[in-house]
Amino acid sequence: MNRIPSFLLYGERPDGAEPPFVHIETIASRSRALNWRIGAHRHDALSHVLLIKSGGGCFRLDGVERSFGASAVLSVPSKMVHGFDFLPEIDGLILTLSDSLLSLAREALVEAELAGELTRPMLIDFAEDPAAFARIAHLLDQIGAELAQPQVGQLSAIRTLIAQVLLSMVRGSRFHGEASPYSSQDLRLVENLRRRIGAGLAEAPTIGGLAAELGVTAARLNAACRRVAGCSTLHLLHAALLAEAKRALLYTEQPVSEVAYSLGFEDPAYFSRFFSRRTGRTPSAFRAQHIPAG
């Protein structure tokens, strides 16, 4: 395997379906036939929200494994390598939506800092807040009803319902209501930066080039990164490069030199030094440690 599987829905190859796209189904409907295991994969432009009514399991996200149980709500942003191991008694729903529809829903959230929280994965335990969990479950049921019986204004209705789901998740993760230490402009700028970095790593972006594309100076961009992310623009860029390098090393069989070239490095030796300085291991050693031979 030379590429990380990239599907619309797991097991279904991209077929050029036009966004906005939304789909909801029971977790069991797809995972039962796969022996309750969804292998590592990613979606280029689709995100998930999972609601666990009963049962549980564990999920793997970019190499990190977490367990979950009943009354949990999870979100998986697009482009993140993920997989699941569900218990056979799992009862829950999975909502899949395109980035275009997610963007429409975010626009309904007036406070920009709320939308910013939705760019990262979440695992929220609502065991001690059954009313909030029931509210999200009801919203997902309403989305299912809209899809089952299309009516005029369907997209508007679904957009509104998704926005309410997202708001409930942000509130559940205890970010809602906290004083924001940075401006909405800063958050939008850093969100756009992250999106641009994620879309163009192979182009070997520079800090000056990224700032110019975003319509600000390099100093302004760096200041926003420090306020929002607590690090420099260069650190964010290097972190994205390192994360993508790890994904390629773990989930593909590409030679290290091909991984280097795919990430915009002209010299594989320089890529190896870049990787080693940040992980303490060469790319080959990192791969060997996580993927035993044979």
# chains A, B, ... in the order shown; residues from 1 in each chain; ligands from 1
>>> select_by_dssp(residues="stretch 28-250 of chain A", states="alpha helix (DSSP H)", output="MDAnalysis selection string")
chainID A and resid 28:31 99:107 112:117 130:148 154:172 184:199 207:214 218:228 233:250
>>> residues_around(residues="stretch 70-86 of chain A", least_positions_apart="3", cutoff="8 Å", atoms="only C-alpha atoms", output="PyMOL selection string")
chain A and resi 31+36-62+90+99+119-127+130+133+169+247
>>> residues_around(residues="A:Leu221", least_positions_apart="6", cutoff="8 Å", atoms="only C-alpha atoms", output="PyMOL selection string")
chain A and resi 189-190+211+233
>>> write_last_selection(atoms="N, CA and C atoms", output="PDB file, in the first residue's frame")
ATOM      1  N   LEU A 189      -7.365  34.249  11.075  1.00  0.00           N
ATOM      2  CA  LEU A 189      -6.097  34.251  10.360  1.00  0.00           C
ATOM      3  C   LEU A 189      -5.353  32.933  10.561  1.00  0.00           C
ATOM      4  N   VAL A 190      -5.302  32.464  11.798  1.00  0.00           N
ATOM      5  CA  VAL A 190      -4.584  31.223  12.079  1.00  0.00           C
ATOM      6  C   VAL A 190      -5.336  30.023  11.497  1.00  0.00           C
ATOM      7  N   ALA A 211       2.246  34.431   4.362  1.00  0.00           N
ATOM      8  CA  ALA A 211       1.724  35.718   4.819  1.00  0.00           C
ATOM      9  C   ALA A 211       1.162  36.518   3.652  1.00  0.00           C
ATOM     10  N   THR A 233       4.814  31.065  13.608  1.00  0.00           N
ATOM     11  CA  THR A 233       4.336  30.543  12.326  1.00  0.00           C
ATOM     12  C   THR A 233       5.221  29.399  11.855  1.00  0.00           C
TER      13      THR A 233
END
>>> closest_residue(among="A:Glu146, A:Thr96, A:Ala202, A:Asn192", to="A:Leu161", atoms="only C-alpha atoms")
A:Glu146
>>> residues_around(residues="A:Ala163", least_positions_apart="3", cutoff="6 Å", atoms="only C-alpha atoms", output="list of chain:residue names")
A:Ala105, A:Thr160, A:Leu166
>>> atom_distance(atom1="atom CA of A:Thr279", atom2="atom CA of A:Leu250")
14.2 Å
>>> residues_around(residues="A:Arg135", least_positions_apart="5", cutoff="9 Å", atoms="only C-alpha atoms", output="list in words")
Pro130, Leu140, Val165 and Ser168 of chain A
>>> write_last_selection(atoms="N, CA and C atoms", output="compact mmCIF listing (two decimals), in the first residue's frame")
# COMPACT_ATOMS: atom_id res chain seq x y z
N PRO A 130 -26.84 14.38 31.00
CA PRO A 130 -27.72 13.63 30.09
C PRO A 130 -28.64 14.52 29.26
N LEU A 140 -29.53 15.07 15.87
CA LEU A 140 -29.13 14.11 14.85
C LEU A 140 -30.34 13.37 14.29
N VAL A 165 -25.71 21.32 16.64
CA VAL A 165 -24.90 20.21 17.12
C VAL A 165 -23.50 20.70 17.49
N SER A 168 -23.48 22.76 20.66
CA SER A 168 -23.64 21.91 21.85
C SER A 168 -22.34 21.20 22.19
>>> residues_around(residues="A:Ala223", least_positions_apart="5", cutoff="9 Å", atoms="only C-alpha atoms", output="list in words")
Asp186, Ala218, Val228, Cys231, Ser232 and Thr233 of chain A
>>> select_by_dssp(residues="stretch 96-266 of chain A", states="strand (DSSP E or B)", output="ChimeraX atom specification")
/A:96-98,122-125
>>> write_last_selection(atoms="N, CA and C atoms", output="compact mmCIF listing (two decimals), in the first residue's frame")
# COMPACT_ATOMS: atom_id res chain seq x y z
N THR A 96 -21.73 12.20 8.84
CA THR A 96 -20.63 12.54 7.94
C THR A 96 -21.05 13.74 7.12
N LEU A 97 -20.23 14.76 7.07
CA LEU A 97 -20.57 15.95 6.31
C LEU A 97 -19.35 16.52 5.61
N SER A 98 -19.60 17.15 4.48
CA SER A 98 -18.52 17.72 3.69
C SER A 98 -18.00 18.99 4.34
N MET A 122 -12.54 16.25 18.87
CA MET A 122 -13.10 16.33 20.22
C MET A 122 -13.54 14.94 20.68
N LEU A 123 -13.43 14.69 21.96
CA LEU A 123 -14.02 13.52 22.62
C LEU A 123 -14.63 14.04 23.91
N ILE A 124 -15.95 14.07 23.94
CA ILE A 124 -16.67 14.71 25.04
C ILE A 124 -17.53 13.67 25.75
N ASP A 125 -17.38 13.56 27.05
CA ASP A 125 -18.15 12.63 27.86
C ASP A 125 -19.33 13.38 28.48
>>> atom_distance(atom1="atom CA of A:Arg278", atom2="atom CA of A:Ala248")
16.2 Å
>>> atom_distance(atom1="atom CA of A:Leu147", atom2="atom CA of A:Phe68")
27.9 Å
>>> residues_around(residues="stretch 265-271 of chain A", least_positions_apart="2", cutoff="12 Å", atoms="only C-alpha atoms", output="MDAnalysis selection string")
chainID A and resid 201:205 238 241:242 245 255:263 273:278 282:284
>>> closest_residue(among="A:Gly208, A:Ala224, A:Leu249, A:Ala33", to="A:Arg188", atoms="only C-alpha atoms")
A:Ala224
